[in-house]
>>> print(open('data.cif').read())   # mmCIF, C-alpha atoms
data_target
#
loop_
_atom_site.group_PDB
_atom_site.id
_atom_site.type_symbol
_atom_site.label_atom_id
_atom_site.label_comp_id
_atom_site.auth_asym_id
_atom_site.auth_seq_id
_atom_site.Cartn_x
_atom_site.Cartn_y
_atom_site.Cartn_z
ATOM 1 C CA MET A 1 113.428 83.325 78.579
ATOM 2 C CA GLU A 2 110.232 84.722 80.066
ATOM 3 C CA ILE A 3 107.979 82.602 82.288
ATOM 4 C CA LYS A 4 104.690 83.593 83.904
ATOM 5 C CA VAL A 5 102.843 81.510 86.481
ATOM 6 C CA LEU A 6 100.807 84.204 88.276
ATOM 7 C CA GLY A 7 97.788 83.746 86.062
ATOM 8 C CA PRO A 8 97.536 81.515 82.984
ATOM 9 C CA LEU A 9 100.799 79.636 82.431
ATOM 10 C CA ASP A 10 103.046 81.231 79.829
ATOM 11 C CA GLY A 11 106.621 80.610 78.774
ATOM 12 C CA ARG A 12 108.426 82.262 75.896
ATOM 13 C CA VAL A 13 111.812 81.980 74.241
ATOM 14 C CA ASN A 14 112.581 84.569 71.564
ATOM 15 C CA ASP A 15 108.928 85.608 71.974
ATOM 16 C CA VAL A 16 107.776 82.125 70.889
ATOM 17 C CA CYS A 17 105.462 80.253 73.265
ATOM 18 C CA VAL A 18 107.049 77.037 74.538
ATOM 19 C CA VAL A 19 104.261 75.890 76.873
ATOM 20 C CA PRO A 20 102.670 72.611 75.741
ATOM 21 C CA THR A 21 98.914 72.315 75.371
ATOM 22 C CA ALA A 22 98.582 68.794 76.794
ATOM 23 C CA SER A 23 97.764 68.624 80.508
ATOM 24 C CA LYS A 24 100.591 66.553 81.961
ATOM 25 C CA PRO A 25 103.435 68.171 79.991
ATOM 26 C CA ARG A 26 102.053 71.512 81.237
ATOM 27 C CA GLN A 27 102.367 70.196 84.796
ATOM 28 C CA VAL A 28 105.990 69.258 84.151
ATOM 29 C CA PHE A 29 106.715 72.699 82.701
ATOM 30 C CA ALA A 30 105.007 74.401 85.648
ATOM 31 C CA MET A 31 107.014 72.370 88.167
ATOM 32 C CA LEU A 32 110.275 73.262 86.432
ATOM 33 C CA ALA A 33 109.229 76.904 86.008
ATOM 34 C CA LEU A 34 108.592 77.316 89.730
ATOM 35 C CA ASN A 35 112.079 75.978 90.435
ATOM 36 C CA VAL A 36 114.212 77.582 87.712
ATOM 37 C CA GLY A 37 117.892 76.891 88.145
ATOM 38 C CA GLN A 38 117.168 74.039 90.541
ATOM 39 C CA VAL A 39 116.892 70.330 89.869
ATOM 40 C CA VAL A 40 113.409 68.881 90.227
ATOM 41 C CA SER A 41 113.836 65.183 90.870
ATOM 42 C CA VAL A 42 112.121 62.464 88.897
ATOM 43 C CA PRO A 43 110.299 61.136 92.004
ATOM 44 C CA VAL A 44 108.910 64.630 92.717
ATOM 45 C CA LEU A 45 107.718 65.015 89.125
ATOM 46 C CA MET A 46 106.141 61.560 89.206
ATOM 47 C CA GLU A 47 104.327 62.375 92.448
ATOM 48 C CA GLU A 48 102.938 65.543 90.896
ATOM 49 C CA LEU A 49 101.787 63.724 87.766
ATOM 50 C CA TRP A 50 100.428 60.483 89.208
ATOM 51 C CA GLY A 51 100.274 60.761 92.997
ATOM 52 C CA GLU A 52 101.513 57.979 95.234
ATOM 53 C CA ARG A 53 100.829 55.190 92.732
ATOM 54 C CA PRO A 54 102.519 55.986 89.423
ATOM 55 C CA PRO A 55 102.044 53.490 86.584
ATOM 56 C CA ARG A 56 104.856 51.119 85.665
ATOM 57 C CA SER A 57 105.489 53.155 82.539
ATOM 58 C CA ALA A 58 105.842 56.415 84.526
ATOM 59 C CA ALA A 59 109.586 56.897 83.999
ATOM 60 C CA THR A 60 109.330 56.336 80.250
ATOM 61 C CA THR A 61 106.239 58.541 79.980
ATOM 62 C CA LEU A 62 107.971 61.350 81.879
ATOM 63 C CA GLN A 63 110.891 61.157 79.453
ATOM 64 C CA THR A 64 108.370 61.509 76.612
ATOM 65 C CA TYR A 65 106.954 64.657 78.201
ATOM 66 C CA VAL A 66 110.441 66.117 78.555
ATOM 67 C CA LEU A 67 111.120 65.288 74.906
ATOM 68 C CA GLN A 68 107.930 67.134 73.920
ATOM 69 C CA LEU A 69 109.050 70.188 75.883
ATOM 70 C CA ARG A 70 112.453 70.108 74.202
ATOM 71 C CA ARG A 71 110.877 69.925 70.763
ATOM 72 C CA GLN A 72 108.974 73.112 71.455
ATOM 73 C CA LEU A 73 112.134 74.732 72.757
ATOM 74 C CA GLU A 74 114.006 73.679 69.603
ATOM 75 C CA SER A 75 111.407 75.448 67.475
ATOM 76 C CA ALA A 76 111.823 78.621 69.510
ATOM 77 C CA LEU A 77 115.624 78.393 69.298
ATOM 78 C CA GLU A 78 115.873 77.850 65.540
ATOM 79 C CA SER A 79 117.496 81.240 65.000
ATOM 80 C CA ASP A 80 119.792 80.939 68.029
ATOM 81 C CA ARG A 81 123.039 79.163 67.207
ATOM 82 C CA THR A 82 124.455 79.566 70.707
ATOM 83 C CA ARG A 83 121.967 77.278 72.457
ATOM 84 C CA ASN A 84 119.848 74.214 71.894
ATOM 85 C CA ALA A 85 116.919 72.761 73.790
ATOM 86 C CA LYS A 86 119.116 70.613 76.038
ATOM 87 C CA ASP A 87 120.947 73.775 77.144
ATOM 88 C CA VAL A 88 117.649 75.221 78.380
ATOM 89 C CA LEU A 89 115.942 72.108 79.744
ATOM 90 C CA ARG A 90 118.864 70.225 81.216
ATOM 91 C CA SER A 91 119.057 66.641 82.426
ATOM 92 C CA ARG A 92 120.704 66.076 85.772
ATOM 93 C CA PHE A 93 121.192 62.987 87.899
ATOM 94 C CA ASN A 94 117.668 61.729 88.521
ATOM 95 C CA GLY A 95 116.062 65.011 87.584
ATOM 96 C CA TYR A 96 115.662 68.011 85.282
ATOM 97 C CA LEU A 97 116.020 71.774 85.477
ATOM 98 C CA ILE A 98 115.250 74.829 83.388
ATOM 99 C CA ASP A 99 118.472 76.792 83.040
ATOM 100 C CA ALA A 100 117.172 80.326 83.519
ATOM 101 C CA GLU A 101 117.521 83.163 85.990
ATOM 102 C CA PRO A 102 114.982 83.762 88.783
ATOM 103 C CA ARG A 103 114.307 87.209 87.309
ATOM 104 C CA ASP A 104 112.952 85.454 84.210
ATOM 105 C CA VAL A 105 109.938 84.201 86.211
ATOM 106 C CA ASP A 106 107.168 86.575 87.282
ATOM 107 C CA VAL A 107 106.780 84.993 90.720
ATOM 108 C CA TYR A 108 110.295 86.042 91.700
ATOM 109 C CA ALA A 109 109.682 89.646 90.634
ATOM 110 C CA TYR A 110 106.430 89.633 92.608
ATOM 111 C CA GLU A 111 108.035 88.204 95.758
ATOM 112 C CA ASP A 112 110.886 90.731 95.642
ATOM 113 C CA LEU A 113 108.499 93.683 95.311
ATOM 114 C CA ALA A 114 106.184 92.332 98.009
ATOM 115 C CA ALA A 115 109.058 91.785 100.449
ATOM 116 C CA ARG A 116 110.381 95.304 99.861
ATOM 117 C CA GLY A 117 106.896 96.696 100.320
ATOM 118 C CA ARG A 118 106.399 94.925 103.646
ATOM 119 C CA ARG A 119 109.795 96.141 104.862
ATOM 120 C CA ALA A 120 108.846 99.706 103.953
ATOM 121 C CA LEU A 121 105.560 99.336 105.839
ATOM 122 C CA GLU A 122 107.328 97.958 108.905
ATOM 123 C CA GLY A 123 109.765 100.855 108.670
ATOM 124 C CA GLY A 124 106.956 103.425 108.698
ATOM 125 C CA ASP A 125 107.196 104.501 105.042
ATOM 126 C CA ALA A 126 103.563 103.966 104.053
ATOM 127 C CA GLU A 127 103.841 105.861 100.763
ATOM 128 C CA ARG A 128 106.704 103.701 99.500
ATOM 129 C CA ALA A 129 105.041 100.562 100.868
ATOM 130 C CA ALA A 130 101.783 101.284 99.053
ATOM 131 C CA GLY A 131 103.630 101.853 95.774
ATOM 132 C CA LEU A 132 105.763 98.723 95.987
ATOM 133 C CA LEU A 133 102.900 96.491 97.085
ATOM 134 C CA ARG A 134 100.641 97.829 94.345
ATOM 135 C CA GLU A 135 103.390 97.137 91.821
ATOM 136 C CA ALA A 136 103.792 93.617 93.223
ATOM 137 C CA LEU A 137 100.077 92.900 92.939
ATOM 138 C CA ASP A 138 100.008 94.250 89.381
ATOM 139 C CA VAL A 139 102.325 91.378 88.379
ATOM 140 C CA TRP A 140 99.382 89.011 88.862
ATOM 141 C CA ARG A 141 97.175 88.321 85.824
ATOM 142 C CA GLY A 142 94.723 85.979 87.561
ATOM 143 C CA PRO A 143 94.849 83.004 89.961
ATOM 144 C CA ALA A 144 98.224 81.273 90.074
ATOM 145 C CA LEU A 145 98.563 78.542 87.425
ATOM 146 C CA ALA A 146 95.002 79.324 86.394
ATOM 147 C CA ASP A 147 94.950 76.943 83.429
ATOM 148 C CA VAL A 148 97.099 74.101 84.797
ATOM 149 C CA TRP A 149 95.754 70.838 86.188
ATOM 150 C CA THR A 150 97.484 70.484 89.553
ATOM 151 C CA GLY A 151 98.619 67.456 91.492
ATOM 152 C CA SER A 152 99.681 67.488 95.137
ATOM 153 C CA ARG A 153 102.913 69.436 94.614
ATOM 154 C CA LEU A 154 101.520 72.200 92.431
ATOM 155 C CA ALA A 155 98.414 72.479 94.626
ATOM 156 C CA VAL A 156 100.677 73.323 97.583
ATOM 157 C CA GLU A 157 102.436 75.967 95.488
ATOM 158 C CA GLN A 158 99.108 77.420 94.386
ATOM 159 C CA THR A 159 97.961 77.702 97.998
ATOM 160 C CA ARG A 160 101.263 79.290 99.060
ATOM 161 C CA LEU A 161 101.152 81.858 96.280
ATOM 162 C CA GLU A 162 97.497 82.769 96.818
ATOM 163 C CA GLU A 163 98.106 83.196 100.552
ATOM 164 C CA SER A 164 101.103 85.397 99.780
ATOM 165 C CA ARG A 165 98.945 87.452 97.428
ATOM 166 C CA LEU A 166 96.328 87.968 100.144
ATOM 167 C CA ILE A 167 99.007 89.053 102.639
ATOM 168 C CA ALA A 168 100.411 91.537 100.115
ATOM 169 C CA LEU A 169 96.906 92.865 99.467
ATOM 170 C CA GLU A 170 96.265 93.198 103.209
ATOM 171 C CA SER A 171 99.535 95.091 103.625
ATOM 172 C CA ARG A 172 98.770 97.400 100.694
ATOM 173 C CA ILE A 173 95.361 98.223 102.163
ATOM 174 C CA GLU A 174 96.997 98.887 105.527
ATOM 175 C CA ALA A 175 99.419 101.290 103.849
ATOM 176 C CA ASP A 176 96.530 103.041 102.082
ATOM 177 C CA LEU A 177 94.690 103.419 105.393
ATOM 178 C CA LEU A 178 97.782 104.909 106.965
ATOM 179 C CA LEU A 179 97.795 107.428 104.127
ATOM 180 C CA GLY A 180 94.156 108.351 104.740
ATOM 181 C CA ARG A 181 92.797 106.695 101.606
ATOM 182 C CA HIS A 182 89.737 105.350 103.410
ATOM 183 C CA TYR A 183 87.221 106.033 100.651
ATOM 184 C CA SER A 184 89.379 104.406 97.975
ATOM 185 C CA VAL A 185 89.567 101.040 99.749
ATOM 186 C CA LEU A 186 85.917 100.699 100.804
ATOM 187 C CA GLY A 187 84.677 98.887 97.713
ATOM 188 C CA GLU A 188 87.672 96.582 97.643
ATOM 189 C CA LEU A 189 87.256 95.703 101.316
ATOM 190 C CA SER A 190 83.525 95.025 100.962
ATOM 191 C CA VAL A 191 84.351 92.340 98.387
ATOM 192 C CA LEU A 192 87.254 90.902 100.399
ATOM 193 C CA VAL A 193 85.298 90.444 103.638
ATOM 194 C CA ALA A 194 82.581 88.673 101.645
ATOM 195 C CA GLN A 195 85.184 86.384 100.109
ATOM 196 C CA HIS A 196 86.961 85.798 103.451
ATOM 197 C CA PRO A 197 84.200 85.790 106.072
ATOM 198 C CA TRP A 198 86.504 84.660 108.913
ATOM 199 C CA HIS A 199 89.486 86.902 108.155
ATOM 200 C CA GLU A 200 89.742 89.241 111.149
ATOM 201 C CA ASN A 201 92.427 91.579 109.770
ATOM 202 C CA LEU A 202 90.359 92.378 106.689
ATOM 203 C CA HIS A 203 87.349 93.056 108.908
ATOM 204 C CA VAL A 204 89.429 95.390 111.078
ATOM 205 C CA HIS A 205 90.548 97.295 107.977
ATOM 206 C CA TYR A 206 86.962 97.492 106.754
ATOM 207 C CA MET A 207 85.691 98.740 110.125
ATOM 208 C CA VAL A 208 88.391 101.398 110.267
ATOM 209 C CA ALA A 209 87.672 102.578 106.710
ATOM 210 C CA LEU A 210 83.947 102.765 107.437
ATOM 211 C CA TYR A 211 84.494 104.642 110.682
ATOM 212 C CA HIS A 212 86.746 107.240 109.080
ATOM 213 C CA THR A 213 84.229 107.819 106.287
ATOM 214 C CA GLY A 214 81.441 108.587 108.750
ATOM 215 C CA ARG A 215 79.754 105.181 108.718
ATOM 216 C CA GLN A 216 80.059 104.204 112.353
ATOM 217 C CA TRP A 217 76.889 102.096 112.377
ATOM 218 C CA GLN A 218 78.095 100.102 109.355
ATOM 219 C CA ALA A 219 81.442 99.488 111.037
ATOM 220 C CA LEU A 220 79.634 98.114 114.086
ATOM 221 C CA ASP A 221 77.401 95.985 111.868
ATOM 222 C CA VAL A 222 80.500 94.458 110.237
ATOM 223 C CA TYR A 223 81.688 93.486 113.714
ATOM 224 C CA ARG A 224 78.268 92.048 114.644
ATOM 225 C CA ARG A 225 78.075 89.876 111.542
ATOM 226 C CA LEU A 226 81.636 88.600 111.978
ATOM 227 C CA ARG A 227 80.991 87.762 115.628
ATOM 228 C CA GLU A 228 77.829 85.843 114.717
ATOM 229 C CA THR A 229 79.744 83.902 112.068
ATOM 230 C CA LEU A 230 82.596 83.014 114.450
ATOM 231 C CA VAL A 231 80.252 81.961 117.252
ATOM 232 C CA ASP A 232 77.942 79.940 114.979
ATOM 233 C CA GLU A 233 80.692 78.240 112.970
ATOM 234 C CA PHE A 234 83.430 77.730 115.565
ATOM 235 C CA GLY A 235 82.017 78.624 118.972
ATOM 236 C CA LEU A 236 84.637 81.392 119.234
ATOM 237 C CA GLU A 237 84.483 85.032 120.221
ATOM 238 C CA PRO A 238 86.375 87.641 118.157
ATOM 239 C CA SER A 239 89.968 88.253 119.168
ATOM 240 C CA PRO A 240 90.783 90.847 121.852
ATOM 241 C CA ARG A 241 92.241 93.073 119.116
ATOM 242 C CA LEU A 242 89.016 93.051 117.143
ATOM 243 C CA GLN A 243 86.956 93.620 120.282
ATOM 244 C CA SER A 244 89.117 96.608 121.185
ATOM 245 C CA VAL A 245 88.501 98.172 117.775
ATOM 246 C CA GLN A 246 84.760 97.651 118.214
ATOM 247 C CA GLN A 247 84.861 99.294 121.642
ATOM 248 C CA ALA A 248 86.906 102.191 120.288
ATOM 249 C CA ILE A 249 84.308 102.782 117.576
ATOM 250 C CA LEU A 250 81.425 102.531 120.053
ATOM 251 C CA SER A 251 82.943 105.133 122.322
ATOM 252 C CA ALA A 252 84.605 107.275 119.645
ATOM 253 C CA ASP A 253 87.800 106.609 121.572
ATOM 254 C CA PRO A 254 90.190 109.605 121.374
ATOM 255 C CA LYS A 255 92.968 107.163 120.458
ATOM 256 C CA LEU A 256 90.992 106.226 117.364
ATOM 257 C CA GLU A 257 90.332 109.850 116.501
ATOM 258 C CA ALA A 258 93.899 110.915 117.263
ATOM 259 C CA ALA A 259 95.169 108.241 114.938
ATOM 260 C CA GLY A 260 93.587 110.203 112.083
ATOM 261 C CA ALA A 261 94.546 108.405 108.944
ATOM 262 C CA ARG A 262 96.191 105.588 110.854
ATOM 263 C CA ALA A 263 94.449 102.287 111.410
ATOM 264 C CA PRO A 264 94.222 101.627 115.168
ATOM 265 C CA PHE A 265 96.531 98.662 115.201
ATOM 266 C CA ALA A 266 97.891 99.474 118.655
ATOM 267 C CA LEU A 267 94.512 99.606 120.382
ATOM 268 C CA ALA A 268 94.724 96.001 121.514
ATOM 269 C CA ASP A 269 98.095 96.518 123.214
#
>>> encode(input="data.cif", output="structure tokens")
Amino acid sequence: MEIKVLGPLDGRVNDVCVVPTASKPRQVFAMLALNVGQVVSVPVLMEELWGERPPRSAATTLQTYVLQLRRQLESALESDRTRNAKDVLRSRFNGYLIDAEPRDVDVYAYEDLAARGRRALEGGDAERAAGLLREALDVWRGPALADVWTGSRLAVEQTRLEESRLIALESRIEADLLLGRHYSVLGELSVLVAQHPWHENLHVHYMVALYHTGRQWQALDVYRRLRETLVDEFGLEPSPRLQSVQQAILSADPKLEAAGARAPFALAD
């Protein structure tokens, strides 16, 4: 079985798509896909589908959705005499599970690569970190569950996955900066700081990349605009770390120059 949730929802058995087209059955499939090998309880599925006030017919309707999923699985398993749909989508006490391995779902491959990449970065191996994190990010095909209507449970998962993606992207950019790839990340960072106008780490990366490509005034302007945004929106000054990077750029601090390809992450210490 092959399941993809990092982008449009996709699920295949014997290369046959088993994802339903109707909205609520897709939600059920997505919930089970994100928890392969684990039981998702009926109350959790009902909360995802109908919120805190499910209709009286909710239990029966949920069973209908599961039946629809099994019918699609049966079609995909026609040539497989070793399994049937109930072997793949199993009923358990007060719940259901998809009997598959974590490696069958793209999110697990992504999380493994991202975790290994972050460990490599923490261990000082920027080259390996950049490669692993780039590979992790390449698993994504678009926003998580891009074509699935989400209730409260799936919305939390979407937020978690998108935040994880941003952290992996941040870490990959950090690794690239450590490797001196300042020019290659400039365009990417210009888009990211526009998309995340309060994200200090991305602004630090952008300032460092600009500084090391001879654009000191632009780096300082990035700081000025971020400070204005923070003060106007929240009444807050930039963090001491961000202020230290600004001061280092203003004074062409030898620590910043000596760092060479390295981003000045220790300047605030």
>>> residues_around(input="data.cif", residues="region 176-181 of chain A", least_positions_apart="4", cutoff="12 Å", atoms="all atoms listed in the file", output="VMD selection string")
chain A and resid 121 to 122 124 to 134 169 to 172 185 to 189 202 204 to 213 259 to 265
>>> atom_distance(input="data.cif", atom1="CA of Leu226 (chain A)", atom2="CA of His196 (chain A)")
10.4 Å
>>> axis_aligned_box(input="data.cif", around="region 2-19 of chain A", padding_each_side="3 Å", output="JSON")
{"center_x": 105.1, "center_y": 80.7, "center_z": 79.6, "size_x": 21.0, "size_y": 15.7, "size_z": 23.4}
>>> residues_around(input="data.cif", residues="Ala115 (chain A)", least_positions_apart="2", cutoff="12 Å", atoms="all atoms listed in the file", output="ChimeraX atom specification")
/A:108-113,117-122,129,132-133,135-137,164-165,167-168,171-172
>>> closest_residue(input="data.cif", among="A:Leu62, A:Leu34, A:Val19, A:Leu49", to="Ala144 (chain A)", atoms="only C-alpha atoms")
A:Leu34
>>> closest_residue(input="data.cif", among="A:Pro102, A:Gly95, A:Gly7, A:Pro54", to="Asn35 (chain A)", atoms="only C-alpha atoms")
A:Pro102
>>> decode(input="data.cif", residues="region 106-204 of chain A", atoms="C-alpha atoms", output="compact mmCIF listing (two decimals), in the first residue's frame")
# COMPACT_ATOMS: atom_id res chain seq x y z
CA ASP A 106 4.89 9.64 2.93
CA VAL A 107 4.66 11.59 6.19
CA TYR A 108 6.70 8.96 8.01
CA ALA A 109 9.43 9.03 5.37
CA TYR A 110 9.49 12.83 5.58
CA GLU A 111 9.70 12.88 9.38
CA ASP A 112 12.53 10.33 9.42
CA LEU A 113 14.58 12.30 6.89
CA ALA A 114 13.89 15.61 8.64
CA ALA A 115 14.89 14.21 12.04
CA ARG A 116 18.13 12.80 10.64
CA GLY A 117 18.84 16.10 8.94
CA ARG A 118 18.38 18.09 12.14
CA ARG A 119 20.63 15.68 14.03
CA ALA A 120 23.32 16.11 11.39
CA LEU A 121 23.01 19.90 11.66
CA GLU A 122 23.27 19.77 15.45
CA GLY A 123 26.31 17.53 15.06
CA GLY A 124 28.06 20.04 12.80
CA ASP A 125 27.73 18.12 9.52
CA ALA A 126 26.12 20.85 7.42
CA GLU A 127 26.67 19.07 4.10
CA ARG A 128 24.84 15.94 5.22
CA ALA A 129 22.16 18.02 6.94
CA ALA A 130 21.47 20.05 3.81
CA GLY A 131 21.14 16.88 1.72
CA LEU A 132 18.83 15.07 4.13
CA LEU A 133 16.63 18.10 4.74
CA ARG A 134 16.35 18.81 1.03
CA GLU A 135 15.35 15.20 0.47
CA ALA A 136 12.77 15.47 3.26
CA LEU A 137 11.25 18.61 1.76
CA ASP A 138 11.14 17.01 -1.69
CA VAL A 139 8.64 14.47 -0.29
CA TRP A 140 6.07 17.28 -0.14
CA ARG A 141 3.86 17.79 -3.21
CA GLY A 142 1.88 20.75 -1.86
CA PRO A 143 0.11 21.75 1.38
CA ALA A 144 -0.72 18.81 3.64
CA LEU A 145 -4.10 17.24 2.82
CA ALA A 146 -4.52 19.90 0.16
CA ASP A 147 -7.78 18.54 -1.22
CA VAL A 148 -9.40 17.26 1.99
CA TRP A 149 -12.12 19.08 3.92
CA THR A 150 -10.83 19.13 7.50
CA GLY A 151 -12.61 19.02 10.82
CA SER A 152 -11.01 19.80 14.17
CA ARG A 153 -8.77 16.72 14.29
CA LEU A 154 -7.37 16.94 10.78
CA ALA A 155 -6.94 20.72 11.10
CA VAL A 156 -4.61 20.12 14.06
CA GLU A 157 -2.63 17.60 12.01
CA GLN A 158 -2.42 20.03 9.10
CA THR A 159 -1.05 22.74 11.38
CA ARG A 160 1.46 20.34 12.95
CA LEU A 161 2.73 19.15 9.59
CA GLU A 162 3.00 22.64 8.09
CA GLU A 163 4.90 23.86 11.15
CA SER A 164 7.22 20.87 10.86
CA ARG A 165 7.76 21.68 7.19
CA LEU A 166 8.70 25.27 8.04
CA ILE A 167 11.16 24.09 10.71
CA ALA A 168 12.76 21.68 8.22
CA LEU A 169 13.00 24.48 5.66
CA GLU A 170 14.56 26.81 8.24
CA SER A 171 17.10 24.14 9.15
CA ARG A 172 17.94 23.45 5.50
CA ILE A 173 18.53 27.15 4.88
CA GLU A 174 20.72 27.30 7.98
CA ALA A 175 22.77 24.39 6.64
CA ASP A 176 23.10 26.12 3.26
CA LEU A 177 24.30 29.31 4.97
CA LEU A 178 26.87 27.33 6.90
CA LEU A 179 28.09 26.00 3.56
CA GLY A 180 28.41 29.51 2.12
CA ARG A 181 25.46 29.22 -0.26
CA HIS A 182 24.28 32.76 0.47
CA TYR A 183 23.35 33.68 -3.10
CA SER A 184 21.33 30.51 -3.63
CA VAL A 185 18.98 31.15 -0.70
CA LEU A 186 18.31 34.87 -1.26
CA GLY A 187 15.27 34.49 -3.48
CA GLU A 188 13.77 31.80 -1.29
CA LEU A 189 14.26 33.89 1.85
CA SER A 190 12.74 37.01 0.27
CA VAL A 191 9.53 35.05 -0.29
CA LEU A 192 9.57 33.42 3.16
CA VAL A 193 9.96 36.67 5.11
CA ALA A 194 7.06 38.11 3.12
CA GLN A 195 4.95 35.08 3.97
CA HIS A 196 6.03 35.08 7.65
CA PRO A 197 6.43 38.75 8.58
CA TRP A 198 6.94 38.04 12.31
CA HIS A 199 9.30 35.07 12.01
CA GLU A 200 12.59 36.27 13.51
CA ASN A 201 14.74 33.27 12.55
CA LEU A 202 13.89 33.65 8.87
CA HIS A 203 14.71 37.36 9.09
CA VAL A 204 18.06 36.56 10.71
